[in-house]
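Quick notes on the structure that follows.
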Amino acid sequence: MFYLLDIIGTLAFAMSGALTAMNKKLDPFGVFIIAFVTAVGGGTLRDVMIGRTPVGWMRDLNYVYVIIIGFVLALVFRKKFDRLRTSLFLFDTIGLGVFTLIGLEKGINIGLHPVICVALGTMTACFGGVIRDILCTEIPVIFRREIYATICILGGIIFFVLREFNLENDILYLATSLVIISVRLMAVKFKWYLSPLENK
Amino acid sequence: MFYLLDIIGTLAFAMSGALTAMNKKLDPFGVFIIAFVTAVGGGTLRDVMIGRTPVGWMRDLNYVYVIIIGFVLALVFRKKFDRLRTSLFLFDTIGLGVFTLIGLEKGINIGLHPVICVALGTMTACFGGVIRDILCTEIPVIFRREIYATICILGGIIFFVLREFNLENDILYLATSLVIISVRLMAVKFKWYLSPLENK
Amino acid sequence: MFYLLDIIGTLAFAMSGALTAMNKKLDPFGVFIIAFVTAVGGGTLRDVMIGRTPVGWMRDLNYVYVIIIGFVLALVFRKKFDRLRTSLFLFDTIGLGVFTLIGLEKGINIGLHPVICVALGTMTACFGGVIRDILCTEIPVIFRREIYATICILGGIIFFVLREFNLENDILYLATSLVIISVRLMAVKFKWYLSPLENK
């Protein structure tokens with residue numbers, strides 16, 4: 001079940017990467033690479049920093065296949081993207097929740113401090129998009145608007161608070177994902193965002 | 001022999017990096033760093049992702065010396081670059097073939113799936129240039145034109161197909177390099193390229 | 001003592017990162033991340049390349065707390081930054097010296113060649129700023145002006161020359177830091193810089 005959600009998130013991230021790259025008029029190879037790094041970039045960065053190598057996608061080919069499917073879907077449906085916007089947004093939000101949890105879990109597994117685990121969760125969920133934007137020479141969108149990363153940090157904190165109550169892992173995971181997903185939906189619906197800081 | 005070709009490829013990549021950086025009017029330190037990352041960036045990324053640390057160039061100083069030579073050559077000949085364009089292009093093409101093979105080999109050595117090995121070969125050959133372009137705040141050229149990376153992927157596939165016939169390693173390596181090098185020469189001669197994808 | 005200087009350097013780097021990010025009108029999360037990578041990016045890159053994982057800041061939470069303090073200070077004093085410019089510059093220069101030494105030391109500890117150790121020292125001191133600039137889509141400032149990185153290389157060379165005289169470690173470290181710090185102060189005072197290279 002959890003694995004299935006991970007795959008759905010990967011698919012959504014790959015498609016959002018492909019669509020960003022097509023907007024930049026990249027060639028098919030460029031579009032594929034951007035789709036790839038958007039989907040696995042955050043997890044790869046996390047694995048490299050904690051020394052979990054070869055990194056995840058090299059050990060489970062399903063990620064590669066799902067990204068290829070996401071790339072093809074983005075190509076086929078690129079002119080009908082407006083109608084798919086809502087589904088893609090939902091998938092992307094699922095990805096946000098699941099990827100945060102995976103990052104938290106990897107940190108806990110190797111005994112890192114909760115603060116670092118929250119950082120790993122946020123990195124897993126958000127840094128694929130950061131690498132995507134850097135490769136397209138844009139200032140990463142999560143540094144500029146929408147409280148995307150802030151929601152992952154919040155989700156991570158709630159995870160460790162709930163964990164104190166000795167909940168079962170399944171319930172813990174479910175509750176954290178639901179918080180992340182629902183806060184994200186509300187954030188978009190009610191247009192919550194962080195104001196830019198200026199030093200003038 | 002193979003090591004010599006690796007060195008020639010490194011030299012060519014360092015020079016192409018230095019020339020790109022000089023076009024951006026960087027200072028000598030900046031030019032040197034760009035030369036360095038263009039030459040070893042792809043292999044470094046590969047080593048970090050598969051956990052082969054300290055990364056390659058830290059264990060064999062010859063790479064560092066060759067990059068210094070490439071940097072000095074690019075400095076000395078920078079005003080005569082037009083006449084050197086053909087030699088440099090040939091060296092660069094040798095580098096493309098050899099670096100792809102080195103990446104394939106490292107993946108096979110640690111028992112990764114052929115699909116991942118092809119990705120490692122392509123990464124080794126192409127991502128030095130990607131990091132170079134990012135440091136110069138350009139969208140990476142291989143995402144936009146010329147079928148550079150596609151040739152590495154093709155070379156990798158041919159490698160694994162030929163491997164099924166139980167060829168000797170030397171012949172396998174030679175055949176794969178020749179395919180990569182000749183397809184690249186033809187691609188440039190006949191102006192093959194991938195069209196950009198657009199989502200309008 | 002050395003640890004204290006490391007912390008001061010981290011604080012200065014975090015503040016300089018936060019100020020750069022506020023100039024780019026990033027939101028608070030973006031400002032925090034840029035502060036973070038400016039402070040620990042160089043060391044993280046070094047640790048990943050030499051295989052020292054989990055990377056440093058994941059094992060000593062003090063770095064995280066100092067960066068949070070730097071971020072808050074930058075926020076609070078952002079309108080009075082002009083008056084703080086001199087202190088911040090001094091702290092940053094301390095960071096440059098200390099970070100170079102830490103990089104040198106890590107390389108020596110795992111038996112790498114002096115040339116590689118100098119590269120690691122320079123990377124530790126300078127690449128946080130490189131990653132900061134890339135995330136803000138600027139060509140890294142150290143590739144364009146001021147002899148920032150060159151001073152680290154010089155400091156590294158002096159370190160290995162002095163080491164031949166069998167000095168005590170404390171004296172060796174002190175002398176190297178003093179060289180780096182005083183050359184940097186002179187470089188800024190007398191406006192030393194490297195001219196850009198052009199290939200026209």
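FYI, nothing fancy with the structure tokens labels: chains A, B, ... in order, residues from 1 per chain, ligands from 1 as they appear.
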Nearby residues (only C-alpha atoms) at most 12 Å from stretch 67-80 of chain A, same-chain spacing under 3 positions excluded, as a PyMOL selection string: (chain A and resi 7-23+27-40+57+61-64+83-85+88+91) or (chain B and resi 196-200)
Contacts of B:Thr122 at 10 Å or less, counting only C-alpha atoms, minus same-chain residues fewer than 2 places along, as an mmCIF file with N, CA and C atoms, in the first residue's frame?
```
data_model
loop_
_atom_site.group_PDB
_atom_site.id
_atom_site.type_symbol
_atom_site.label_atom_id
_atom_site.label_comp_id
_atom_site.auth_asym_id
_atom_site.auth_seq_id
_atom_site.Cartn_x
_atom_site.Cartn_y
_atom_site.Cartn_z
ATOM 1 N N GLY B 42 31.252 14.273 -14.293
ATOM 2 C CA GLY B 42 30.384 13.125 -14.571
ATOM 3 C C GLY B 42 30.819 11.905 -13.764
ATOM 4 N N ARG B 46 28.902 9.973 -10.610
ATOM 5 C CA ARG B 46 28.714 8.511 -10.649
ATOM 6 C C ARG B 46 29.298 7.841 -9.401
ATOM 7 N N LEU B 96 33.941 10.959 -25.154
ATOM 8 C CA LEU B 96 32.554 10.506 -25.073
ATOM 9 C C LEU B 96 32.479 8.983 -25.072
ATOM 10 N N GLY B 97 33.212 8.357 -26.007
ATOM 11 C CA GLY B 97 33.201 6.904 -26.095
ATOM 12 C C GLY B 97 33.823 6.253 -24.861
ATOM 13 N N PHE B 99 34.503 7.499 -21.806
ATOM 14 C CA PHE B 99 33.822 7.772 -20.538
ATOM 15 C C PHE B 99 32.547 6.927 -20.404
ATOM 16 N N THR B 100 31.847 6.738 -21.516
ATOM 17 C CA THR B 100 30.660 5.881 -21.478
ATOM 18 C C THR B 100 31.047 4.466 -21.044
ATOM 19 N N LEU B 101 32.132 3.956 -21.651
ATOM 20 C CA LEU B 101 32.584 2.603 -21.305
ATOM 21 C C LEU B 101 32.990 2.495 -19.838
ATOM 22 N N ILE B 102 33.701 3.506 -19.341
ATOM 23 C CA ILE B 102 34.138 3.475 -17.938
ATOM 24 C C ILE B 102 32.922 3.426 -17.010
ATOM 25 N N GLY B 103 31.919 4.223 -17.335
ATOM 26 C CA GLY B 103 30.707 4.214 -16.513
ATOM 27 C C GLY B 103 30.004 2.869 -16.540
ATOM 28 N N LEU B 104 29.897 2.282 -17.738
ATOM 29 C CA LEU B 104 29.274 0.950 -17.879
ATOM 30 C C LEU B 104 30.012 -0.061 -17.004
ATOM 31 N N ILE B 116 20.644 0.341 -15.439
ATOM 32 C CA ILE B 116 21.326 1.288 -14.553
ATOM 33 C C ILE B 116 22.754 1.543 -15.049
ATOM 34 N N CYS B 117 23.395 0.476 -15.569
ATOM 35 C CA CYS B 117 24.755 0.642 -16.105
ATOM 36 C C CYS B 117 24.759 1.618 -17.280
ATOM 37 N N VAL B 118 23.753 1.506 -18.149
ATOM 38 C CA VAL B 118 23.659 2.447 -19.281
ATOM 39 C C VAL B 118 23.486 3.869 -18.741
ATOM 40 N N ALA B 119 22.678 4.022 -17.703
ATOM 41 C CA ALA B 119 22.513 5.348 -17.095
ATOM 42 C C ALA B 119 23.839 5.851 -16.530
ATOM 43 N N LEU B 120 24.610 4.958 -15.906
ATOM 44 C CA LEU B 120 25.905 5.369 -15.347
ATOM 45 C C LEU B 120 26.892 5.755 -16.448
ATOM 46 N N THR B 124 28.467 9.448 -16.759
ATOM 47 C CA THR B 124 29.914 9.667 -16.772
ATOM 48 C C THR B 124 30.320 10.542 -17.955
ATOM 49 N N ALA B 125 29.723 10.254 -19.121
ATOM 50 C CA ALA B 125 30.133 10.968 -20.331
ATOM 51 C C ALA B 125 29.527 12.371 -20.425
ATOM 52 N N CYS B 126 28.311 12.540 -19.916
ATOM 53 C CA CYS B 126 27.578 13.781 -20.211
ATOM 54 C C CYS B 126 27.436 14.749 -19.049
ATOM 55 N N PHE B 127 27.541 14.304 -17.799
ATOM 56 C CA PHE B 127 27.163 15.197 -16.707
ATOM 57 C C PHE B 127 28.252 16.171 -16.272
ATOM 58 N N TYR B 148 23.860 14.156 -28.285
ATOM 59 C CA TYR B 148 25.052 13.767 -27.547
ATOM 60 C C TYR B 148 24.762 12.604 -26.589
ATOM 61 N N ALA B 149 23.837 12.836 -25.687
ATOM 62 C CA ALA B 149 23.546 11.827 -24.670
ATOM 63 C C ALA B 149 22.869 10.604 -25.281
ATOM 64 N N THR B 150 22.039 10.845 -26.291
ATOM 65 C CA THR B 150 21.338 9.746 -26.948
ATOM 66 C C THR B 150 22.337 8.740 -27.522
ATOM 67 N N ILE B 151 23.463 9.246 -28.019
ATOM 68 C CA ILE B 151 24.504 8.375 -28.570
ATOM 69 C C ILE B 151 25.108 7.495 -27.467
ATOM 70 N N CYS B 152 25.291 8.060 -26.285
ATOM 71 C CA CYS B 152 25.831 7.266 -25.170
ATOM 72 C C CYS B 152 24.855 6.160 -24.784
ATOM 73 N N ILE B 153 23.580 6.477 -24.772
ATOM 74 C CA ILE B 153 22.567 5.472 -24.436
ATOM 75 C C ILE B 153 22.593 4.357 -25.485
ATOM 76 N N LEU B 154 22.624 4.756 -26.757
ATOM 77 C CA LEU B 154 22.719 3.795 -27.860
ATOM 78 C C LEU B 154 23.959 2.925 -27.700
ATOM 79 N N GLY B 155 25.102 3.558 -27.430
ATOM 80 C CA GLY B 155 26.358 2.812 -27.227
ATOM 81 C C GLY B 155 26.226 1.808 -26.101
ATOM 82 N N GLY B 156 25.583 2.218 -25.018
ATOM 83 C CA GLY B 156 25.398 1.324 -23.879
ATOM 84 C C GLY B 156 24.545 0.125 -24.232
#
```
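The gap separating atom CA of A:Gly129 from atom CA of A:Met186 is 20.9 Å, in Å to one decimal.
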Can you work out the spacing between atom CA of A:Ile139 and atom CA of A:Gly43 in Å, to one decimal? 20.4 Å
Just list as a VMD selection string whatever in chain C DSSP marks as alpha helix (DSSP H). chain C and resid 2 to 23 28 to 50 56 to 59 61 to 76 81 to 109 114 to 135 148 to 163 169 to 189
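Near A:Val98, within 7 Å and counting only C-alpha atoms, sit Leu5, Asp6, Ile94, Gly95, Leu101, Ile102 and Ser177 of chain A; same-chain residues fewer than 3 positions away were not included.
Here atom CA of B:Gly56 stands at a distance of 11.1 Å from atom CA of B:Lys106.
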Identify, on the basis of only C-alpha atoms, every residue whose closest approach to C:Leu172 does not exceed 7 Å; exclude the query and any residue fewer than 4 positions from it along the same chain; express the result as an mmCIF file with all heavy atoms, in the first residue's frame.
```cif
data_model
loop_
_atom_site.group_PDB
_atom_site.id
_atom_site.type_symbol
_atom_site.label_atom_id
_atom_site.label_comp_id
_atom_site.auth_asym_id
_atom_site.auth_seq_id
_atom_site.Cartn_x
_atom_site.Cartn_y
_atom_site.Cartn_z
ATOM 1 N N PHE C 159 50.534 25.546 4.456
ATOM 2 C CA PHE C 159 50.342 24.513 5.479
ATOM 3 C C PHE C 159 51.296 23.338 5.254
ATOM 4 O O PHE C 159 51.989 22.896 6.160
ATOM 5 C CB PHE C 159 48.888 24.037 5.454
ATOM 6 C CG PHE C 159 48.576 22.916 6.399
ATOM 7 C CD1 PHE C 159 48.182 23.184 7.703
ATOM 8 C CD2 PHE C 159 48.661 21.592 5.999
ATOM 9 C CE1 PHE C 159 47.878 22.149 8.583
ATOM 10 C CE2 PHE C 159 48.363 20.554 6.870
ATOM 11 C CZ PHE C 159 47.970 20.843 8.168
ATOM 12 N N LEU C 162 55.054 24.362 5.785
ATOM 13 C CA LEU C 162 55.386 24.471 7.212
ATOM 14 C C LEU C 162 55.434 23.094 7.880
ATOM 15 O O LEU C 162 56.238 22.849 8.770
ATOM 16 C CB LEU C 162 54.351 25.342 7.940
ATOM 17 C CG LEU C 162 54.352 26.834 7.603
ATOM 18 C CD1 LEU C 162 53.237 27.543 8.371
ATOM 19 C CD2 LEU C 162 55.707 27.469 7.942
ATOM 20 N N ARG C 163 54.569 22.209 7.411
ATOM 21 C CA ARG C 163 54.488 20.862 7.982
ATOM 22 C C ARG C 163 55.808 20.104 7.850
ATOM 23 O O ARG C 163 56.133 19.255 8.681
ATOM 24 C CB ARG C 163 53.377 20.093 7.264
ATOM 25 C CG ARG C 163 52.792 18.958 8.044
ATOM 26 C CD ARG C 163 51.425 18.650 7.498
ATOM 27 N NE ARG C 163 50.924 17.398 8.046
ATOM 28 C CZ ARG C 163 50.937 16.239 7.398
ATOM 29 N NH1 ARG C 163 51.430 16.153 6.180
ATOM 30 N NH2 ARG C 163 50.453 15.161 7.965
ATOM 31 N N LEU C 167 56.563 21.247 12.785
ATOM 32 C CA LEU C 167 55.980 22.118 13.804
ATOM 33 C C LEU C 167 54.893 21.355 14.554
ATOM 34 O O LEU C 167 54.345 20.373 14.053
ATOM 35 C CB LEU C 167 55.336 23.344 13.141
ATOM 36 C CG LEU C 167 56.293 24.273 12.397
ATOM 37 C CD1 LEU C 167 55.516 25.401 11.763
ATOM 38 C CD2 LEU C 167 57.350 24.819 13.358
ATOM 39 N N GLU C 168 54.585 21.828 15.760
ATOM 40 C CA GLU C 168 53.447 21.252 16.469
ATOM 41 C C GLU C 168 52.157 21.593 15.719
ATOM 42 O O GLU C 168 52.070 22.651 15.085
ATOM 43 C CB GLU C 168 53.350 21.864 17.868
ATOM 44 C CG GLU C 168 54.108 21.082 18.921
ATOM 45 C CD GLU C 168 53.964 21.772 20.256
ATOM 46 O OE1 GLU C 168 52.880 21.640 20.870
ATOM 47 O OE2 GLU C 168 54.908 22.468 20.658
ATOM 48 N N THR C 176 48.834 28.903 9.609
ATOM 49 C CA THR C 176 48.084 28.839 8.350
ATOM 50 C C THR C 176 46.870 29.759 8.388
ATOM 51 O O THR C 176 46.622 30.516 7.435
ATOM 52 C CB THR C 176 47.639 27.387 8.067
ATOM 53 O OG1 THR C 176 48.760 26.536 8.168
ATOM 54 C CG2 THR C 176 47.030 27.265 6.688
#
```
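Of the listed residues (B:Ile181, B:Met49, B:Val188, B:Cys136), B:Ile181 comes nearest to B:Asp92; the distances count only C-alpha atoms.
With only C-alpha atoms as the atoms that count, the minimum distance from B:Pro114 to the choices A:Tyr3, A:Leu26, A:Arg59, A:Leu45 is reached by A:Arg59.
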Using only C-alpha atoms for the distances, tell me which of C:Thr93, C:Asn166, C:Thr86, C:Thr53 is nearest to chain B. C:Thr53
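Remark: for chain A, the closest of the candidate residues C:Asn109, C:Asp133, C:Leu4, C:Ser182 is C:Asp133 (distances computed over only C-alpha atoms).
Distance check against chain A using only C-alpha atoms: of C:Ile158, C:Thr137, C:Ser87, C:Gly41, the minimum falls on C:Thr137.
Distance annotation: of B:Ile108, B:Val66, B:Ile134, B:Met123, the residue with the minimal separation from chain C is B:Ile134; atom set is only C-alpha atoms.
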